[in-house]
file work-v4.txt (compact mmCIF, C-alpha atoms)
# COMPACT_ATOMS: atom_id res chain seq x y z
CA MET A 14 -7.06 9.69 -29.96
CA THR A 15 -8.10 8.15 -26.65
CA HIS A 16 -9.73 9.89 -23.73
CA ILE A 17 -6.73 9.37 -21.45
CA LYS A 18 -4.18 10.60 -24.01
CA ASP A 19 -6.27 13.75 -24.51
CA ALA A 20 -6.66 14.23 -20.77
CA ILE A 21 -2.94 13.89 -20.01
CA GLU A 22 -1.82 16.07 -22.91
CA GLY A 23 -4.45 18.64 -21.96
CA ARG A 24 -3.32 18.57 -18.33
CA ASP A 25 -6.85 17.86 -17.17
CA TYR A 26 -5.51 16.09 -14.05
CA PRO A 27 -6.75 12.61 -14.98
CA PHE A 28 -6.99 9.96 -12.27
CA GLY A 29 -6.49 6.22 -12.38
CA THR A 30 -5.97 3.25 -10.13
CA TRP A 31 -3.64 0.26 -10.23
CA THR A 32 -4.66 -3.33 -10.97
CA SER A 33 -2.50 -6.31 -10.11
CA ILE A 34 -5.30 -8.86 -9.69
CA GLY A 35 -5.57 -10.52 -13.08
CA HIS A 36 -9.31 -11.02 -13.24
CA PRO A 37 -11.63 -9.22 -15.68
CA ALA A 38 -14.30 -8.75 -13.00
CA VAL A 39 -11.90 -6.47 -11.12
CA ALA A 40 -11.20 -4.44 -14.25
CA GLU A 41 -14.85 -4.21 -15.25
CA GLY A 42 -16.00 -3.26 -11.76
CA LEU A 43 -13.38 -0.52 -11.38
CA ALA A 44 -14.07 0.81 -14.88
CA GLN A 45 -17.73 1.27 -13.92
CA LEU A 46 -16.54 3.97 -11.51
CA ASP A 47 -15.73 6.01 -14.63
CA LEU A 48 -12.07 6.47 -13.78
CA ASP A 49 -9.99 8.12 -16.47
CA PHE A 50 -7.83 5.04 -16.76
CA LEU A 51 -6.96 1.69 -15.25
CA LEU A 52 -3.29 0.74 -15.07
CA VAL A 53 -2.88 -2.99 -15.69
CA ASP A 54 0.49 -4.17 -14.38
CA MET A 55 2.41 -6.85 -16.24
CA GLU A 56 5.82 -6.05 -14.76
CA HIS A 57 5.35 -7.34 -11.23
CA THR A 58 2.44 -9.76 -11.65
CA THR A 59 1.90 -13.15 -13.23
CA MET A 60 -0.56 -11.79 -15.81
CA SER A 61 -0.27 -13.40 -19.22
CA LEU A 62 -1.05 -11.69 -22.50
CA GLU A 63 -4.38 -13.52 -22.63
CA THR A 64 -5.26 -12.17 -19.18
CA VAL A 65 -4.43 -8.62 -20.23
CA GLU A 66 -6.62 -9.03 -23.29
CA SER A 67 -9.50 -10.16 -21.05
CA MET A 68 -8.89 -7.16 -18.78
CA ALA A 69 -9.02 -4.81 -21.78
CA ARG A 70 -12.28 -6.37 -22.93
CA ALA A 71 -13.69 -5.97 -19.42
CA VAL A 72 -12.82 -2.27 -19.36
CA ASP A 73 -14.53 -1.84 -22.74
CA ALA A 74 -17.57 -3.76 -21.45
CA ALA A 75 -18.06 -1.24 -18.65
CA GLU A 76 -19.20 1.27 -21.29
CA SER A 77 -17.59 4.17 -19.46
CA ASP A 78 -14.86 6.63 -20.43
CA THR A 79 -12.27 4.56 -18.58
CA ASN A 80 -9.30 3.49 -20.73
CA ALA A 81 -6.92 0.57 -20.20
CA VAL A 82 -3.21 1.40 -19.96
CA VAL A 83 -0.72 -1.47 -19.60
CA ARG A 84 2.59 -1.34 -17.77
CA VAL A 85 4.76 -3.77 -19.72
CA PRO A 86 7.67 -5.67 -18.10
CA TRP A 87 10.41 -3.99 -20.15
CA ASN A 88 11.23 -1.75 -23.11
CA ASP A 89 11.04 -4.68 -25.50
CA PRO A 90 9.59 -4.13 -29.01
CA VAL A 91 8.20 -7.67 -29.19
CA ARG A 92 6.32 -7.37 -25.89
CA LEU A 93 5.12 -3.88 -26.81
CA LYS A 94 3.89 -4.99 -30.23
CA ARG A 95 1.84 -7.84 -28.79
CA VAL A 96 0.32 -5.67 -26.06
CA ILE A 97 -0.76 -2.80 -28.28
CA ASP A 98 -2.21 -5.23 -30.83
CA ILE A 99 -4.81 -5.94 -28.13
CA GLY A 100 -6.22 -2.46 -28.71
CA ILE A 101 -5.38 -0.67 -25.46
CA ALA A 102 -5.17 3.08 -24.96
CA GLY A 103 -1.56 3.30 -23.85
CA VAL A 104 1.55 1.79 -22.34
CA MET A 105 3.81 2.59 -19.43
CA VAL A 106 7.39 1.36 -19.73
CA PRO A 107 9.73 0.92 -16.74
CA MET A 108 13.27 2.20 -16.25
CA ILE A 109 13.79 4.43 -19.25
CA ASP A 110 17.31 5.75 -18.67
CA ASN A 111 18.06 8.05 -21.61
CA ALA A 112 16.74 9.66 -24.77
CA GLU A 113 17.84 6.82 -27.04
CA GLU A 114 15.86 4.28 -25.00
CA ALA A 115 12.89 6.66 -25.20
CA ARG A 116 13.24 6.88 -28.99
CA GLU A 117 13.41 3.07 -29.18
CA LEU A 118 10.18 2.93 -27.20
CA VAL A 119 8.44 5.33 -29.58
CA ARG A 120 9.69 3.42 -32.64
CA SER A 121 8.32 0.18 -31.19
CA LEU A 122 4.82 1.66 -31.10
CA ARG A 123 4.79 3.08 -34.63
CA TYR A 124 4.39 1.50 -38.04
CA PRO A 125 7.00 2.09 -40.77
CA PRO A 126 8.39 4.37 -41.94
CA ASP A 127 8.24 6.06 -38.51
CA GLY A 128 8.88 2.90 -36.52
CA ILE A 129 9.29 -0.86 -36.48
CA ARG A 130 5.85 -2.11 -35.40
CA GLY A 131 4.73 -5.12 -37.41
CA ILE A 132 1.36 -4.99 -39.16
CA ALA A 133 -1.33 -7.56 -38.46
CA GLY A 134 -5.10 -7.97 -38.34
CA SER A 135 -5.31 -7.90 -34.55
CA ARG A 136 -8.03 -6.91 -32.08
CA ALA A 137 -6.80 -3.32 -32.42
CA THR A 138 -7.80 -3.38 -36.11
CA GLY A 139 -11.18 -4.96 -35.46
CA TYR A 140 -9.63 -8.29 -36.46
CA GLY A 141 -8.83 -6.84 -39.86
CA ARG A 142 -12.17 -5.17 -40.58
CA ASN A 143 -10.67 -1.71 -39.94
CA PHE A 144 -7.19 -2.74 -41.06
CA GLU A 145 -6.22 0.08 -43.43
CA GLU A 146 -7.91 2.84 -41.45
CA TYR A 147 -6.22 1.73 -38.23
CA VAL A 148 -2.74 1.49 -39.76
CA ASP A 149 -3.17 4.91 -41.39
CA ASN A 150 -4.05 6.55 -38.07
CA ALA A 151 -2.33 4.51 -35.36
CA ASN A 152 1.05 6.27 -35.24
CA GLY A 153 1.07 8.72 -32.37
CA SER A 154 -2.35 7.63 -31.10
CA ILE A 155 -1.13 5.36 -28.29
CA LEU A 156 -0.41 7.05 -24.95
CA THR A 157 3.30 6.56 -24.28
CA ILE A 158 4.57 6.95 -20.71
CA ALA A 159 8.25 6.63 -19.76
CA GLN A 160 9.00 5.72 -16.16
CA ILE A 161 11.76 7.60 -14.37
CA GLU A 162 13.02 5.35 -11.59
CA THR A 163 16.82 5.10 -11.83
CA GLU A 164 19.71 7.49 -11.24
CA ALA A 165 20.36 7.62 -15.00
CA GLY A 166 16.71 8.32 -15.72
CA LEU A 167 16.71 11.06 -13.11
CA GLU A 168 19.80 12.67 -14.63
CA ASN A 169 18.38 12.46 -18.16
CA ALA A 170 14.72 13.17 -17.35
CA GLU A 171 14.48 16.36 -19.40
CA GLU A 172 16.05 14.89 -22.53
CA ILE A 173 13.73 11.88 -22.21
CA ALA A 174 10.76 14.24 -21.86
CA ARG A 175 11.81 16.10 -25.03
CA VAL A 176 11.74 12.97 -27.21
CA ASP A 177 9.00 13.32 -29.81
CA GLY A 178 6.35 10.74 -29.04
CA ILE A 179 6.90 10.55 -25.29
CA ASP A 180 3.58 11.82 -23.94
CA ALA A 181 4.38 11.75 -20.23
CA LEU A 182 6.93 10.89 -17.58
CA PHE A 183 6.03 8.82 -14.56
CA VAL A 184 7.94 8.83 -11.27
CA GLY A 185 8.23 5.25 -10.00
CA PRO A 186 8.60 6.08 -6.31
CA ALA A 187 9.67 2.71 -4.92
CA ASP A 188 12.39 1.99 -7.50
CA LEU A 189 13.60 5.58 -7.57
CA SER A 190 13.92 5.72 -3.79
CA ALA A 191 15.82 2.41 -3.82
CA ALA A 192 18.11 3.62 -6.61
CA LEU A 193 18.99 6.65 -4.48
CA GLY A 194 19.67 4.50 -1.41
CA LEU A 195 16.56 5.91 0.25
CA PHE A 196 14.06 3.09 -0.07
CA ALA A 197 10.62 4.19 1.22
CA GLU A 198 12.10 7.35 2.77
CA TRP A 199 9.47 9.44 1.05
CA ASP A 200 9.82 12.50 3.26
CA THR A 201 13.59 12.98 3.07
CA ASP A 202 14.88 16.16 1.46
CA GLU A 203 16.96 14.17 -1.04
CA PHE A 204 14.00 12.16 -2.29
CA THR A 205 11.75 15.21 -2.38
CA ASP A 206 14.39 17.07 -4.40
CA ALA A 207 14.65 14.16 -6.84
CA VAL A 208 10.89 14.12 -7.41
CA GLU A 209 10.83 17.89 -7.84
CA SER A 210 13.61 17.66 -10.41
CA VAL A 211 11.53 15.26 -12.54
CA ILE A 212 8.51 17.56 -12.34
CA GLU A 213 10.72 20.49 -13.33
CA ALA A 214 12.19 18.49 -16.22
CA GLY A 215 8.69 17.76 -17.47
CA ASP A 216 7.66 21.39 -17.14
CA ASN A 217 10.75 22.55 -19.05
CA ALA A 218 10.00 20.12 -21.87
CA GLY A 219 6.25 20.71 -21.86
CA THR A 220 5.65 17.08 -20.91
CA PRO A 221 3.19 16.05 -18.16
CA VAL A 222 4.47 14.10 -15.16
CA GLY A 223 2.54 11.61 -13.03
CA THR A 224 3.16 9.25 -10.14
CA LEU A 225 1.63 6.55 -7.96
CA THR A 226 0.61 6.58 -4.32
CA VAL A 227 -0.63 3.33 -2.85
CA ASP A 228 -1.54 5.28 0.31
CA THR A 229 -4.70 7.17 -0.59
CA ASP A 230 -4.14 9.50 2.39
CA ALA A 231 -1.20 10.94 0.43
CA ILE A 232 -3.30 12.05 -2.55
CA GLU A 233 -3.43 15.68 -1.44
CA SER A 234 0.35 15.75 -0.94
CA ARG A 235 0.99 14.37 -4.43
CA VAL A 236 -1.33 16.98 -5.95
CA ASP A 237 0.40 19.75 -3.97
CA GLU A 238 3.76 18.57 -5.33
CA GLY A 239 2.62 19.53 -8.82
CA PHE A 240 1.95 16.24 -10.59
CA ASP A 241 -0.22 16.45 -13.69
CA PHE A 242 -1.91 13.06 -13.24
CA LEU A 243 -2.11 10.47 -10.52
CA ILE A 244 -2.57 6.76 -9.95
CA ALA A 245 -3.88 6.20 -6.44
CA GLY A 246 -4.52 2.94 -4.70
CA LYS A 247 -3.79 -0.62 -5.75
CA ASP A 248 -6.56 -3.18 -6.01
CA ILE A 249 -5.18 -5.76 -3.57
CA SER A 250 -4.12 -3.08 -1.05
CA LEU A 251 -7.51 -1.36 -1.21
CA LEU A 252 -9.26 -4.70 -0.76
CA MET A 253 -7.14 -5.69 2.23
CA ASN A 254 -7.44 -2.26 3.83
CA SER A 255 -11.22 -2.32 3.47
CA VAL A 256 -11.52 -5.79 5.02
CA GLU A 257 -9.11 -4.83 7.81
CA SER A 258 -11.22 -1.74 8.52
CA ALA A 259 -14.42 -3.82 8.58
CA LEU A 260 -12.81 -6.30 10.96
CA SER A 261 -11.74 -3.48 13.28
CA ASP A 262 -15.25 -1.98 13.19
CA TYR A 263 -16.74 -5.37 14.03
CA GLU A 264 -14.40 -5.87 16.97
CA ASP A 265 -15.22 -2.37 18.26
CA ALA A 266 -18.95 -3.06 17.92
CA LEU A 267 -18.63 -6.32 19.86
CA GLU A 268 -16.86 -4.52 22.69
CA THR A 269 -19.75 -2.10 23.14
CA ALA A 270 -22.73 -4.32 22.28
CA VAL A 271 -21.88 -7.72 23.77
CA PRO A 272 -21.67 -7.93 27.58
CA ALA A 273 -18.49 -9.38 28.92
CA SER A 274 -19.02 -12.92 30.18
CA SER A 275 -18.86 -13.41 33.94
CA ASP A 276 -17.21 -16.31 35.72
call {"tool": "encode", "arguments": {"input": "work-v4.txt", "output": "structure tokens"}}
result
Amino acid sequence: MTHIKDAIEGRDYPFGTWTSIGHPAVAEGLAQLDLDFLLVDMEHTTMSLETVESMARAVDAAESDTNAVVRVPWNDPVRLKRVIDIGIAGVMVPMIDNAEEARELVRSLRYPPDGIRGIAGSRATGYGRNFEEYVDNANGSILTIAQIETEAGLENAEEIARVDGIDALFVGPADLSAALGLFAEWDTDEFTDAVESVIEAGDNAGTPVGTLTVDTDAIESRVDEGFDFLIAGKDISLLMNSVESALSDYEDALETAVPASSD
């Protein structure tokens, strides 16, 4: 079992950050910070499977406890099979609307007779060197996160959380707010109530619930809301914010250090 699966199931409040820049140097550098996990996003980026494999290798190269978790584009058994054959710690799957879709997700990640995952000598098996041992132990070892980000998912959150093999729920704030007709209205009572209902559904089912905040100033608020794990920051946003801050500091320094020119 992976570090991040243990940490989420144990409610140890694991912390990760979001990567949308498809370069292994970004993944390796962030993993050196010894985060609990790095979320590699395939849904809203141009990352290919080969890029994701390079990102996973980069996380492993950091020689830290950081694990790679991949957000796939859709609840598609073919995409899921190819991603987990890379040898990652877990997957996050968008827009899970009901328990049957959650069960389909779990089946996609498990070998027969428990599921439909095809067997191959992939990177996950050490290219076949650990073939039998891996297949014997793989079922249930991959962190499986179902995203709640539609009205149907919100309504069925507890039954999704109760599906055997679903390790965690994840509130997708942007899509959920849009689905409720409240896009980016994070502080409205209706959106707050919706988020609280997902957390309550997870608590009732004994299933941890996490979320994302791109705004790192909101970390304390997300913790206070009762989430069990958190993804904070997004690589490109953090990079741009840091450069913008440096630019502002430079302009302020020039104002105080460089005399104004006289006519």
call {"tool": "closest_residue", "arguments": {"input": "work-v4.txt", "among": "A:Pro27, A:Gly178, A:Gly35, A:Gly166", "to": "Ile249 (chain A)", "atoms": "all atoms listed in the file"}}
result
A:Gly35
call {"tool": "atom_distance", "arguments": {"input": "work-v4.txt", "atom1": "CA of Leu225 (chain A)", "atom2": "CA of Ile244 (chain A)"}}
result
4.7 Å
call {"tool": "residues_around", "arguments": {"input": "work-v4.txt", "residues": "Gly223 (chain A)", "least_positions_apart": "2", "cutoff": "10 Å", "atoms": "only C-alpha atoms", "output": "number ranges by chain"}}
result
A: 21, 26-28, 158, 160, 181-185, 211-212, 215, 221, 225, 235-236, 239-244
call {"tool": "residues_around", "arguments": {"input": "work-v4.txt", "residues": "Asp248 (chain A)", "least_positions_apart": "4", "cutoff": "7 Å", "atoms": "only C-alpha atoms", "output": "mmCIF file with C-alpha atoms, in the coordinates of the input"}}
result
data_model
loop_
_atom_site.group_PDB
_atom_site.id
_atom_site.type_symbol
_atom_site.label_atom_id
_atom_site.label_comp_id
_atom_site.auth_asym_id
_atom_site.auth_seq_id
_atom_site.Cartn_x
_atom_site.Cartn_y
_atom_site.Cartn_z
ATOM 1 C CA TRP A 31 -3.640 0.260 -10.230
ATOM 2 C CA THR A 32 -4.660 -3.330 -10.970
ATOM 3 C CA SER A 33 -2.500 -6.310 -10.110
ATOM 4 C CA ILE A 34 -5.300 -8.860 -9.690
ATOM 5 C CA LEU A 252 -9.260 -4.700 -0.760
#
call {"tool": "closest_residue", "arguments": {"input": "work-v4.txt", "among": "A:Gly23, A:Pro125, A:Pro107, A:Gly246", "to": "Asp149 (chain A)", "atoms": "all atoms listed in the file"}}
result
A:Pro125
call {"tool": "atom_distance", "arguments": {"input": "work-v4.txt", "atom1": "CA of Glu171 (chain A)", "atom2": "CA of Asp110 (chain A)"}}
result
11.0 Å
call {"tool": "closest_residue", "arguments": {"input": "work-v4.txt", "among": "A:Glu145, A:Asp49, A:Ala159, A:Arg95", "to": "Arg116 (chain A)", "atoms": "all atoms listed in the file"}}
result
A:Ala159
call {"tool": "atom_distance", "arguments": {"input": "work-v4.txt", "atom1": "CA of Asp89 (chain A)", "atom2": "CA of Glu117 (chain A)"}}
result
8.9 Å
call {"tool": "build_atoms", "arguments": {"input": "work-v4.txt", "residues": "region 34-45 of chain A", "atoms": "all heavy atoms", "output": "CSV table (one decimal), in the coordinates of the input"}}
result
chain,number,residue,atom,x,y,z
A,34,ILE,N,-4.5,-7.6,-9.7
A,34,ILE,CA,-5.3,-8.9,-9.7
A,34,ILE,C,-5.8,-9.1,-11.1
A,34,ILE,O,-6.5,-8.4,-11.7
A,34,ILE,CB,-6.5,-8.7,-8.8
A,34,ILE,CG1,-6.1,-8.4,-7.3
A,34,ILE,CG2,-7.4,-10.0,-8.8
A,34,ILE,CD1,-7.2,-8.1,-6.4
A,35,GLY,N,-5.3,-10.2,-11.7
A,35,GLY,CA,-5.6,-10.5,-13.1
A,35,GLY,C,-6.9,-11.2,-13.3
A,35,GLY,O,-7.0,-12.3,-13.8
A,36,HIS,N,-8.0,-10.5,-13.0
A,36,HIS,CA,-9.3,-11.0,-13.2
A,36,HIS,C,-10.2,-9.9,-13.9
A,36,HIS,O,-10.2,-8.8,-13.4
A,36,HIS,CB,-10.0,-11.5,-12.0
A,36,HIS,CG,-11.1,-12.4,-12.2
A,36,HIS,ND1,-12.3,-11.9,-12.7
A,36,HIS,CD2,-11.3,-13.7,-12.0
A,36,HIS,CE1,-13.2,-12.9,-12.8
A,36,HIS,NE2,-12.6,-14.0,-12.5
A,37,PRO,N,-10.8,-10.3,-15.0
A,37,PRO,CA,-11.6,-9.2,-15.7
A,37,PRO,C,-12.7,-8.6,-14.8
A,37,PRO,O,-13.1,-7.5,-15.1
A,37,PRO,CB,-12.2,-10.0,-16.9
A,37,PRO,CG,-12.0,-11.4,-16.6
A,37,PRO,CD,-10.9,-11.5,-15.7
A,38,ALA,N,-13.3,-9.3,-13.8
A,38,ALA,CA,-14.3,-8.8,-13.0
A,38,ALA,C,-13.8,-7.5,-12.2
A,38,ALA,O,-14.5,-6.6,-12.0
A,38,ALA,CB,-14.8,-9.8,-12.0
A,39,VAL,N,-12.5,-7.6,-11.8
A,39,VAL,CA,-11.9,-6.5,-11.1
A,39,VAL,C,-11.8,-5.3,-12.1
A,39,VAL,O,-12.2,-4.1,-11.7
A,39,VAL,CB,-10.5,-6.8,-10.6
A,39,VAL,CG1,-9.8,-5.6,-10.0
A,39,VAL,CG2,-10.6,-8.0,-9.6
A,40,ALA,N,-11.3,-5.5,-13.3
A,40,ALA,CA,-11.2,-4.4,-14.2
A,40,ALA,C,-12.6,-3.9,-14.6
A,40,ALA,O,-12.7,-2.6,-14.7
A,40,ALA,CB,-10.5,-5.0,-15.5
A,41,GLU,N,-13.5,-4.7,-14.9
A,41,GLU,CA,-14.8,-4.2,-15.2
A,41,GLU,C,-15.5,-3.4,-14.1
A,41,GLU,O,-16.1,-2.4,-14.3
A,41,GLU,CB,-15.7,-5.4,-15.7
A,41,GLU,CG,-17.1,-4.9,-16.2
A,41,GLU,CD,-17.9,-6.1,-16.7
A,41,GLU,OE1,-17.6,-7.3,-16.4
A,41,GLU,OE2,-18.9,-5.9,-17.4
A,42,GLY,N,-15.4,-3.9,-12.9
A,42,GLY,CA,-16.0,-3.3,-11.8
A,42,GLY,C,-15.4,-1.9,-11.5
A,42,GLY,O,-16.1,-0.9,-11.3
A,43,LEU,N,-14.1,-1.8,-11.6
A,43,LEU,CA,-13.4,-0.5,-11.4
A,43,LEU,C,-13.7,0.5,-12.5
A,43,LEU,O,-13.9,1.7,-12.3
A,43,LEU,CB,-11.9,-0.7,-11.3
A,43,LEU,CG,-11.4,-1.4,-10.0
A,43,LEU,CD1,-9.9,-1.8,-10.1
A,43,LEU,CD2,-11.7,-0.6,-8.8
A,44,ALA,N,-13.8,-0.1,-13.7
A,44,ALA,CA,-14.1,0.8,-14.9
A,44,ALA,C,-15.5,1.4,-14.8
A,44,ALA,O,-15.7,2.5,-15.3
A,44,ALA,CB,-13.9,0.0,-16.2
A,45,GLN,N,-16.4,0.7,-14.1
A,45,GLN,CA,-17.7,1.3,-13.9
A,45,GLN,C,-17.7,2.5,-13.0
A,45,GLN,O,-18.7,3.3,-13.0
A,45,GLN,CB,-18.6,0.2,-13.3
A,45,GLN,CG,-19.0,-0.9,-14.3
A,45,GLN,CD,-19.9,-1.9,-13.7
A,45,GLN,OE1,-20.5,-1.8,-12.7
A,45,GLN,NE2,-20.1,-3.1,-14.4
